[in-house]
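Worksheet for the structure shown next.
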Amino acid sequence: MSLAKRIIPCLDVDDGRVVKGVQFVDIRDAGDPVEVAKRYNEAGADEITFLDITASHQGRDTTAHTVERIASEVFIPLTVGGGIRTNDDIRRMLNAGADKVGINSAAVHNPDFVKAASDRFGAQCIVVAIDAKQVSAEGEPLRWEIFTHGGRKPTGIDAVEWATRMSDYGAGEILLTSMDRDGTKNGFDLALTRAISEAVPVPVIASGGVGNLQHLADGVLEGQADAVLAASIFHFGEYTVNEAKLYMQERGIEVRL
Amino acid sequence: MTETVAVIDYGMGNLHSVASALGKVSTQNVVVTSDAAEVSAADRVIFPGVGAIGDCMSEIRRLGFDQLLREQVSSGKPVLGICVGMQALLSHSEESGGTDCIDLFPGQVKFFGHDLKSAAGEPLKVPHMGWNQVAQVEHPLWHNIADQSRFYFVHSYYVEDTGTEVKGRCQYGVEFAAALGRDNLFAVQFHPEKSHTAGLQLLQNFVGWNGQS
């Protein structure tokens, strides 16, 4: 009897619509985040994460409205990331029904924002999202740095130090994405995941690179992740969340079935 | 006449989710309110809470909700505390440099600690975040929920196991009280409004409960 490792489907949402094509065969409107979230909820997802990629300010209102609609129908935890820059942004998402918010570039630009947000709203709802890339050359000891702008802009900040600092500042959880692996389907960067997970006292969600169920299990068993996040393997119906859980259970991982 | 459930709003928490979950499982009138008269007029009361207990308790005291809550409990109507709303019912919490709470349940709220380990000696992350199993002690609010069902928890402080009033136990490095109950008062550490089928069933049981245990 112990805490289950979590499986978290992630949706990219632009102006209130799911993008990067979710392809459920029997879903009425695969672009509607509420329909998709309901489906994942029924399928046994432990949480749902929304990455809001909306650029415009008007679009942010749409996002809050979308979160509200989802929270009225989906009774599992909901995290909203993307474009969270101020306490007002956080308040708006929490009031709409989000349980946690993901802070990414705003933390890099102003680390004290994480402190202020955690003091105000509690560590339990502050997730710091970290985009990391390996910077060590072959043969050197492994080292990763934080990148912004979708992995294009280096910051010179060491990823392990950054994760430690963010948990000291009051992050309740770290969402760790390997920019080397994101979209490759080659599996998580397990060394990175493990390095961060061992360094911080708070839960770590592994993200970036999942192509099959083995990858999910590896994230937990080798990467020491507390939760695993995936998008395309679930969106395109290659695997269901339940299949993923059964597979992980066979590998000796505690899951919620 | 339609009964009313009041969700007490003291500015600390995501009340939207609690209200929508109640709306999902019942046809009772749900009011999210900081109006003492409205709370007193309701047939049932939910006392939620998230964030730091120090901030919660100062708001509760400033608004006089500690007294309001005691009155609701002594009136005999069903009252449900959730998460920090449960912790606030204890005598005292270690959080926020030590905080005196409402003292409706005798007992302490303690920090999981920085060196929390599983029975197998593995280090455990704090906050305790995610789906964990609850060992039930017989109570009407567990009706139609299998023993050892998983509920969603997120907390860094826990209610110590105080014995007879514990209605559910959970393990995370230590064994702690996941649910407390006495007469018409019940409280849970987890978030029923975020705990899918099992959580919704508990809320449904609460809105149908007559307050007798």
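Identifiers in this document derive from the order of the structure tokens: chains are assigned A, B, ..., residues are numbered from 1 separately in each chain, and ligands are numbered from 1 in order of occurrence.
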
Tell me, as a PDB file with C-alpha atoms, in the first residue's frame, which residues lie within 8 Å of Lys125 in chain B, counting only C-alpha atoms; anything in the same chain fewer than 4 positions away does not count.
ATOM      1  CA  PRO A 201      12.643  16.975  -2.180  1.00  0.00           C
ATOM      2  CA  VAL A 202       9.444  17.623  -4.182  1.00  0.00           C
ATOM      3  CA  PRO A 203       7.757  15.368  -6.771  1.00  0.00           C
TER       4      PRO A 203
ATOM      5  CA  LEU B 116      10.684  10.997   5.207  1.00  0.00           C
TER       6      LEU B 116
END

Q. Using only C-alpha atoms, which chain A residues lie at most 7 Å away from chain B, written as a PyMOL selection string?
A. chain A and resi 1-4+71-72+75-77+94-95+97+121-122+124+172+201-203+256

Could those residues be written to a file, using N, CA, C and O atoms, as a PDB file, in the first residue's frame?
ATOM      1  N   MET A   1       0.846  -1.192   0.000  1.00  0.00           N
ATOM      2  CA  MET A   1       0.000   0.000   0.000  1.00  0.00           C
ATOM      3  C   MET A   1       0.881   1.242   0.000  1.00  0.00           C
ATOM      4  O   MET A   1       1.638   1.498   0.921  1.00  0.00           O
ATOM      5  N   SER A   2       0.807   1.987  -1.102  1.00  0.00           N
ATOM      6  CA  SER A   2       1.577   3.232  -1.115  1.00  0.00           C
ATOM      7  C   SER A   2       1.037   4.167  -2.177  1.00  0.00           C
ATOM      8  O   SER A   2       0.065   3.867  -2.860  1.00  0.00           O
ATOM      9  N   LEU A   3       1.684   5.286  -2.263  1.00  0.00           N
ATOM     10  CA  LEU A   3       1.278   6.314  -3.206  1.00  0.00           C
ATOM     11  C   LEU A   3       1.481   5.811  -4.638  1.00  0.00           C
ATOM     12  O   LEU A   3       2.533   5.276  -4.964  1.00  0.00           O
ATOM     13  N   ALA A   4       0.479   6.023  -5.487  1.00  0.00           N
ATOM     14  CA  ALA A   4       0.581   5.571  -6.873  1.00  0.00           C
ATOM     15  C   ALA A   4       1.422   6.542  -7.703  1.00  0.00           C
ATOM     16  O   ALA A   4       1.397   7.745  -7.474  1.00  0.00           O
ATOM     17  N   ALA A  71     -13.330  22.021 -15.443  1.00  0.00           N
ATOM     18  CA  ALA A  71     -13.408  21.780 -13.998  1.00  0.00           C
ATOM     19  C   ALA A  71     -14.835  21.471 -13.551  1.00  0.00           C
ATOM     20  O   ALA A  71     -15.041  20.886 -12.494  1.00  0.00           O
ATOM     21  N   SER A  72     -15.811  21.878 -14.352  1.00  0.00           N
ATOM     22  CA  SER A  72     -17.198  21.567 -13.990  1.00  0.00           C
ATOM     23  C   SER A  72     -17.561  20.127 -14.302  1.00  0.00           C
ATOM     24  O   SER A  72     -18.573  19.629 -13.842  1.00  0.00           O
ATOM     25  N   PHE A  75     -13.443  15.539 -12.606  1.00  0.00           N
ATOM     26  CA  PHE A  75     -13.127  15.634 -11.191  1.00  0.00           C
ATOM     27  C   PHE A  75     -11.825  14.928 -10.842  1.00  0.00           C
ATOM     28  O   PHE A  75     -11.774  14.040 -10.000  1.00  0.00           O
ATOM     29  N   ILE A  76     -10.780  15.327 -11.550  1.00  0.00           N
ATOM     30  CA  ILE A  76      -9.412  14.938 -11.214  1.00  0.00           C
ATOM     31  C   ILE A  76      -8.585  16.219 -11.300  1.00  0.00           C
ATOM     32  O   ILE A  76      -9.045  17.216 -11.850  1.00  0.00           O
ATOM     33  N   PRO A  77      -7.365  16.216 -10.754  1.00  0.00           N
ATOM     34  CA  PRO A  77      -6.584  17.456 -10.733  1.00  0.00           C
ATOM     35  C   PRO A  77      -6.231  17.949 -12.133  1.00  0.00           C
ATOM     36  O   PRO A  77      -5.980  17.166 -13.048  1.00  0.00           O
ATOM     37  N   LEU A  94      -6.760  29.588 -11.015  1.00  0.00           N
ATOM     38  CA  LEU A  94      -7.250  28.843  -9.850  1.00  0.00           C
ATOM     39  C   LEU A  94      -8.739  29.096  -9.657  1.00  0.00           C
ATOM     40  O   LEU A  94      -9.508  28.173  -9.372  1.00  0.00           O
ATOM     41  N   ASN A  95      -9.148  30.349  -9.831  1.00  0.00           N
ATOM     42  CA  ASN A  95     -10.573  30.652  -9.690  1.00  0.00           C
ATOM     43  C   ASN A  95     -11.399  29.950 -10.753  1.00  0.00           C
ATOM     44  O   ASN A  95     -12.560  29.616 -10.534  1.00  0.00           O
ATOM     45  N   GLY A  97     -10.809  27.062 -11.754  1.00  0.00           N
ATOM     46  CA  GLY A  97     -10.937  25.654 -11.399  1.00  0.00           C
ATOM     47  C   GLY A  97      -9.662  24.839 -11.588  1.00  0.00           C
ATOM     48  O   GLY A  97      -9.668  23.633 -11.371  1.00  0.00           O
ATOM     49  N   PHE A 121      -0.215  31.508  -2.705  1.00  0.00           N
ATOM     50  CA  PHE A 121      -1.204  30.473  -3.057  1.00  0.00           C
ATOM     51  C   PHE A 121      -0.884  29.101  -2.463  1.00  0.00           C
ATOM     52  O   PHE A 121      -1.707  28.201  -2.526  1.00  0.00           O
ATOM     53  N   GLY A 122       0.311  28.943  -1.909  1.00  0.00           N
ATOM     54  CA  GLY A 122       0.704  27.650  -1.357  1.00  0.00           C
ATOM     55  C   GLY A 122       1.501  26.835  -2.367  1.00  0.00           C
ATOM     56  O   GLY A 122       1.205  26.851  -3.564  1.00  0.00           O
ATOM     57  N   GLN A 124       1.479  23.829  -2.907  1.00  0.00           N
ATOM     58  CA  GLN A 124       0.741  22.712  -3.516  1.00  0.00           C
ATOM     59  C   GLN A 124       0.225  23.038  -4.915  1.00  0.00           C
ATOM     60  O   GLN A 124      -0.048  22.136  -5.687  1.00  0.00           O
ATOM     61  N   GLY A 172       6.035  23.338  -5.546  1.00  0.00           N
ATOM     62  CA  GLY A 172       5.536  22.113  -4.926  1.00  0.00           C
ATOM     63  C   GLY A 172       5.799  20.893  -5.781  1.00  0.00           C
ATOM     64  O   GLY A 172       5.642  19.755  -5.341  1.00  0.00           O
ATOM     65  N   PRO A 201      13.515  17.691  -3.115  1.00  0.00           N
ATOM     66  CA  PRO A 201      12.643  16.975  -2.180  1.00  0.00           C
ATOM     67  C   PRO A 201      11.193  16.879  -2.649  1.00  0.00           C
ATOM     68  O   PRO A 201      10.404  16.173  -2.043  1.00  0.00           O
ATOM     69  N   VAL A 202      10.837  17.591  -3.725  1.00  0.00           N
ATOM     70  CA  VAL A 202       9.444  17.623  -4.182  1.00  0.00           C
ATOM     71  C   VAL A 202       9.248  16.651  -5.354  1.00  0.00           C
ATOM     72  O   VAL A 202      10.213  16.230  -5.982  1.00  0.00           O
ATOM     73  N   PRO A 203       8.000  16.296  -5.660  1.00  0.00           N
ATOM     74  CA  PRO A 203       7.757  15.368  -6.771  1.00  0.00           C
ATOM     75  C   PRO A 203       8.231  15.925  -8.118  1.00  0.00           C
ATOM     76  O   PRO A 203       8.197  17.130  -8.348  1.00  0.00           O
ATOM     77  N   ARG A 256      -2.823   3.553  -9.901  1.00  0.00           N
ATOM     78  CA  ARG A 256      -4.248   3.607  -9.523  1.00  0.00           C
ATOM     79  C   ARG A 256      -5.056   3.014 -10.663  1.00  0.00           C
ATOM     80  O   ARG A 256      -5.066   3.555 -11.762  1.00  0.00           O
TER      81      ARG A 256
END

Q: Could you pull out the residues in range 31-210 of chain B that DSSP calls alpha helix (DSSP H) from the backbone, as JSON, numbers by chain?
A: {"B": [36, 37, 38, 39, 40, 41, 53, 54, 55, 56, 57, 58, 59, 60, 61, 62, 65, 66, 67, 68, 69, 70, 71, 72, 73, 74, 75, 84, 85, 86, 87, 196, 197, 198, 199, 200, 201, 202, 203, 204, 205, 206, 207]}

Output the selection as a compact mmCIF listing (two decimals), in the first residue's frame - N, CA and C atoms for each residue.
# COMPACT_ATOMS: atom_id res chain seq x y z
N ALA B 36 -22.38 34.63 7.24
CA ALA B 36 -22.64 33.74 8.38
C ALA B 36 -24.11 33.32 8.44
N ALA B 37 -25.00 34.25 8.09
CA ALA B 37 -26.44 33.94 8.16
C ALA B 37 -26.79 32.84 7.16
N GLU B 38 -26.16 32.92 5.99
CA GLU B 38 -26.42 31.92 4.96
C GLU B 38 -25.90 30.54 5.38
N VAL B 39 -24.74 30.56 6.04
CA VAL B 39 -24.17 29.30 6.54
C VAL B 39 -25.10 28.71 7.60
N SER B 40 -25.55 29.55 8.51
CA SER B 40 -26.42 29.08 9.60
C SER B 40 -27.74 28.55 9.08
N ALA B 41 -28.22 29.13 7.97
CA ALA B 41 -29.51 28.71 7.42
C ALA B 41 -29.41 27.40 6.63
N ILE B 53 -1.68 27.12 6.73
CA ILE B 53 -2.67 27.14 7.82
C ILE B 53 -2.66 28.47 8.57
N GLY B 54 -1.48 29.10 8.66
CA GLY B 54 -1.40 30.38 9.37
C GLY B 54 -2.31 31.41 8.72
N ASP B 55 -2.22 31.50 7.38
CA ASP B 55 -3.08 32.43 6.63
C ASP B 55 -4.54 32.05 6.78
N CYS B 56 -4.82 30.74 6.68
CA CYS B 56 -6.20 30.28 6.80
C CYS B 56 -6.78 30.65 8.15
N MET B 57 -6.03 30.34 9.22
CA MET B 57 -6.55 30.59 10.57
C MET B 57 -6.74 32.09 10.81
N SER B 58 -5.84 32.93 10.28
CA SER B 58 -6.07 34.35 10.54
C SER B 58 -7.33 34.85 9.83
N GLU B 59 -7.59 34.34 8.63
CA GLU B 59 -8.82 34.73 7.94
C GLU B 59 -10.05 34.18 8.68
N ILE B 60 -9.95 32.92 9.12
CA ILE B 60 -11.07 32.29 9.83
C ILE B 60 -11.41 33.11 11.09
N ARG B 61 -10.37 33.52 11.82
CA ARG B 61 -10.60 34.28 13.07
C ARG B 61 -11.12 35.68 12.76
N ARG B 62 -10.52 36.31 11.72
CA ARG B 62 -10.92 37.67 11.38
C ARG B 62 -12.41 37.71 11.04
N PHE B 65 -15.25 32.92 11.83
CA PHE B 65 -15.75 31.63 11.34
C PHE B 65 -15.42 30.48 12.28
N ASP B 66 -14.48 30.70 13.22
CA ASP B 66 -14.20 29.62 14.19
C ASP B 66 -15.44 29.41 15.07
N GLN B 67 -15.99 30.54 15.51
CA GLN B 67 -17.20 30.47 16.33
C GLN B 67 -18.39 29.95 15.50
N LEU B 68 -18.51 30.48 14.29
CA LEU B 68 -19.59 30.06 13.39
C LEU B 68 -19.57 28.54 13.20
N LEU B 69 -18.35 28.03 13.01
CA LEU B 69 -18.21 26.60 12.74
C LEU B 69 -18.59 25.78 13.98
N ARG B 70 -18.17 26.25 15.16
CA ARG B 70 -18.55 25.55 16.41
C ARG B 70 -20.07 25.50 16.54
N GLU B 71 -20.72 26.62 16.21
CA GLU B 71 -22.18 26.66 16.30
C GLU B 71 -22.83 25.66 15.33
N GLN B 72 -22.25 25.60 14.11
CA GLN B 72 -22.82 24.68 13.12
C GLN B 72 -22.70 23.25 13.62
N VAL B 73 -21.54 22.95 14.20
CA VAL B 73 -21.31 21.58 14.67
C VAL B 73 -22.25 21.27 15.84
N SER B 74 -22.41 22.22 16.76
CA SER B 74 -23.29 21.90 17.91
C SER B 74 -24.77 21.88 17.52
N SER B 75 -25.11 22.51 16.39
CA SER B 75 -26.51 22.47 15.95
C SER B 75 -26.92 21.07 15.49
N VAL B 84 -7.04 21.45 4.24
CA VAL B 84 -6.66 22.37 5.31
C VAL B 84 -7.89 22.67 6.19
N GLY B 85 -9.09 22.54 5.60
CA GLY B 85 -10.32 22.67 6.38
C GLY B 85 -10.43 21.57 7.44
N MET B 86 -9.82 20.42 7.19
CA MET B 86 -9.73 19.37 8.22
C MET B 86 -8.69 19.76 9.25
N GLN B 87 -7.51 20.15 8.76
CA GLN B 87 -6.40 20.46 9.68
C GLN B 87 -6.79 21.59 10.64
N HIS B 196 -12.28 11.73 -8.39
CA HIS B 196 -13.01 10.94 -9.37
C HIS B 196 -14.18 10.20 -8.72
N THR B 197 -14.41 8.96 -9.10
CA THR B 197 -15.60 8.22 -8.68
C THR B 197 -15.72 8.09 -7.16
N ALA B 198 -14.62 7.70 -6.51
CA ALA B 198 -14.67 7.49 -5.06
C ALA B 198 -14.96 8.80 -4.33
N GLY B 199 -14.36 9.88 -4.82
CA GLY B 199 -14.55 11.17 -4.18
C GLY B 199 -15.98 11.68 -4.36
N LEU B 200 -16.49 11.51 -5.57
CA LEU B 200 -17.86 11.95 -5.83
C LEU B 200 -18.86 11.15 -4.99
N GLN B 201 -18.55 9.86 -4.82
CA GLN B 201 -19.44 9.02 -3.99
C GLN B 201 -19.45 9.52 -2.54
N LEU B 202 -18.27 9.90 -2.05
CA LEU B 202 -18.22 10.42 -0.68
C LEU B 202 -19.04 11.69 -0.54
N LEU B 203 -18.96 12.56 -1.54
CA LEU B 203 -19.75 13.80 -1.49
C LEU B 203 -21.24 13.48 -1.57
N GLN B 204 -21.56 12.50 -2.40
CA GLN B 204 -22.97 12.09 -2.50
C GLN B 204 -23.46 11.53 -1.16
N ASN B 205 -22.60 10.75 -0.51
CA ASN B 205 -22.95 10.22 0.80
C ASN B 205 -23.15 11.36 1.81
N PHE B 206 -22.32 12.39 1.69
CA PHE B 206 -22.42 13.51 2.62
C PHE B 206 -23.74 14.25 2.44
N VAL B 207 -24.13 14.52 1.19
CA VAL B 207 -25.37 15.27 1.00
C VAL B 207 -26.61 14.44 1.37

Determine which residues of range 32-184 of chain B DSSP labels as strand (DSSP E) from the backbone of this structure, then write them out as an mmCIF file with C-alpha atoms, in the first residue's frame.
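Output saved as selection13.cif:
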data_model
loop_
_atom_site.group_PDB
_atom_site.id
_atom_site.type_symbol
_atom_site.label_atom_id
_atom_site.label_comp_id
_atom_site.auth_asym_id
_atom_site.auth_seq_id
_atom_site.Cartn_x
_atom_site.Cartn_y
_atom_site.Cartn_z
ATOM 1 C CA VAL B 32 -20.549 29.291 -1.857
ATOM 2 C CA THR B 33 -20.712 31.945 0.802
ATOM 3 C CA ARG B 44 -25.234 21.077 5.556
ATOM 4 C CA VAL B 45 -21.886 22.825 5.711
ATOM 5 C CA ILE B 46 -18.606 22.199 3.891
ATOM 6 C CA PHE B 47 -15.440 23.757 5.247
ATOM 7 C CA VAL B 79 -20.383 19.342 8.601
ATOM 8 C CA LEU B 80 -17.521 18.232 6.324
ATOM 9 C CA GLY B 81 -13.975 19.617 6.511
ATOM 10 C CA ILE B 82 -11.673 19.164 3.506
ATOM 11 C CA HIS B 92 -2.714 22.872 16.874
ATOM 12 C CA SER B 93 -0.508 22.737 13.764
ATOM 13 C CA THR B 99 -0.589 27.757 14.741
ATOM 14 C CA ASP B 100 -3.440 27.303 17.191
ATOM 15 C CA GLN B 108 -1.779 17.789 16.347
ATOM 16 C CA VAL B 109 -1.006 18.575 12.729
ATOM 17 C CA LYS B 110 2.618 17.663 12.020
ATOM 18 C CA PHE B 111 5.181 18.155 9.249
ATOM 19 C CA HIS B 128 2.531 13.948 -0.377
ATOM 20 C CA MET B 129 0.967 14.481 -3.793
ATOM 21 C CA GLY B 130 -1.182 12.017 -5.677
ATOM 22 C CA TRP B 131 -3.487 9.047 -5.260
ATOM 23 C CA ASN B 132 -3.107 7.018 -2.092
ATOM 24 C CA GLN B 133 -5.145 4.319 -0.424
ATOM 25 C CA ALA B 135 -8.065 2.092 5.082
ATOM 26 C CA GLN B 136 -11.616 2.779 6.205
ATOM 27 C CA ARG B 150 -7.498 5.685 -3.698
ATOM 28 C CA PHE B 151 -8.127 9.374 -3.157
ATOM 29 C CA TYR B 152 -6.188 12.421 -4.317
ATOM 30 C CA PHE B 153 -3.985 13.991 -1.630
ATOM 31 C CA VAL B 154 -1.778 17.047 -1.687
ATOM 32 C CA HIS B 155 -0.295 18.163 1.624
ATOM 33 C CA TYR B 157 1.444 18.393 6.995
ATOM 34 C CA TYR B 158 -0.629 15.541 8.365
ATOM 35 C CA VAL B 159 -3.068 14.891 11.185
ATOM 36 C CA VAL B 166 -9.979 8.333 13.118
ATOM 37 C CA LYS B 167 -12.317 7.078 10.375
ATOM 38 C CA GLY B 168 -9.689 6.465 7.697
ATOM 39 C CA ARG B 169 -5.950 5.846 7.753
ATOM 40 C CA CYS B 170 -3.284 6.405 5.127
ATOM 41 C CA GLN B 171 0.405 5.492 4.966
ATOM 42 C CA TYR B 172 3.105 7.810 3.716
ATOM 43 C CA VAL B 174 4.028 7.494 8.749
ATOM 44 C CA GLU B 175 0.479 6.356 9.333
ATOM 45 C CA PHE B 176 -1.775 9.389 9.548
ATOM 46 C CA ALA B 177 -5.457 10.251 9.830
ATOM 47 C CA ALA B 178 -6.975 10.566 6.346
ATOM 48 C CA ALA B 179 -10.442 11.002 7.845
ATOM 49 C CA LEU B 180 -11.819 11.994 11.235
ATOM 50 C CA GLY B 181 -15.390 11.784 12.457
ATOM 51 C CA ARG B 182 -17.460 12.427 15.539
#

Could you list, as a compact mmCIF listing (two decimals) with N, CA and C atoms, in the first residue's frame, every residue within 7 Å of Asp226 in chain A, counting only C-alpha atoms and ignoring same-chain residues fewer than 6 positions away?
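out_11.txt was written with the following content:
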# COMPACT_ATOMS: atom_id res chain seq x y z
N LYS A 5 2.16 5.99 -8.66
CA LYS A 5 2.82 6.86 -9.65
C LYS A 5 1.74 7.33 -10.62
N ARG A 6 1.85 8.57 -11.01
CA ARG A 6 0.77 9.17 -11.80
C ARG A 6 1.07 9.17 -13.30
N PRO A 203 8.00 16.30 -5.66
CA PRO A 203 7.76 15.37 -6.77
C PRO A 203 8.23 15.93 -8.12
N VAL A 204 8.66 14.99 -8.98
CA VAL A 204 9.12 15.36 -10.32
C VAL A 204 8.27 14.62 -11.36
N ILE A 205 7.78 15.38 -12.35
CA ILE A 205 7.04 14.81 -13.47
C ILE A 205 8.01 14.75 -14.65
N VAL A 220 9.87 5.98 -14.36
CA VAL A 220 9.68 5.78 -12.93
C VAL A 220 10.81 4.94 -12.34

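Comparing the minimum interatomic distances between Asn210 in chain B and each of B:Leu185, B:Val30, B:Ile145, B:Ile102, counting only C-alpha atoms, we find that B:Leu185 sits nearest.
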
Q.
Report as a count of residues only all protein, DNA and RNA residues lying within 7 Å of range 100-108 of chain A, evaluated on only C-alpha atoms, omitting residues in the same chain fewer than 3 positions from it.
A. 18

Q: Pick out the residues sitting within 8 Å of Thr63 in chain A, and hand them over as a ChimeraX atom specification; count only C-alpha atoms, and ignore anything fewer than 4 positions along from it in its own chain.
A: /A:15-16,52,59,67

Restrict the selected residues to C-alpha atoms and save them as a short mmCIF file (atom, residue, chain, number, x, y, z; two decimals), in the first residue's frame.
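File result.cif, as written:
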data_model
loop_
_atom_site.label_atom_id
_atom_site.label_comp_id
_atom_site.auth_asym_id
_atom_site.auth_seq_id
_atom_site.Cartn_x
_atom_site.Cartn_y
_atom_site.Cartn_z
CA ASP A 15 -7.34 29.81 -28.18
CA GLY A 16 -9.60 27.23 -26.60
CA ASP A 52 -1.80 27.01 -23.13
CA GLY A 59 -7.15 34.17 -25.95
CA VAL A 67 -10.63 25.62 -17.65
#

Q: Fewer than 5 positions away in the same chain doesn't count, so skip those; otherwise give me all residues within 9 Å of Tyr239 in chain A, counting only C-alpha atoms, as a ChimeraX atom specification.
A: /A:212-213,233-234,244

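Straight-line separation from CA of Ala159 in chain A to CA of Ile174 in chain A: 11.4 Å.
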
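For the atom pair formed by CA of Val13 in chain A and CA of Asp32 in chain A, the distance is 9.2 Å, given to one decimal.
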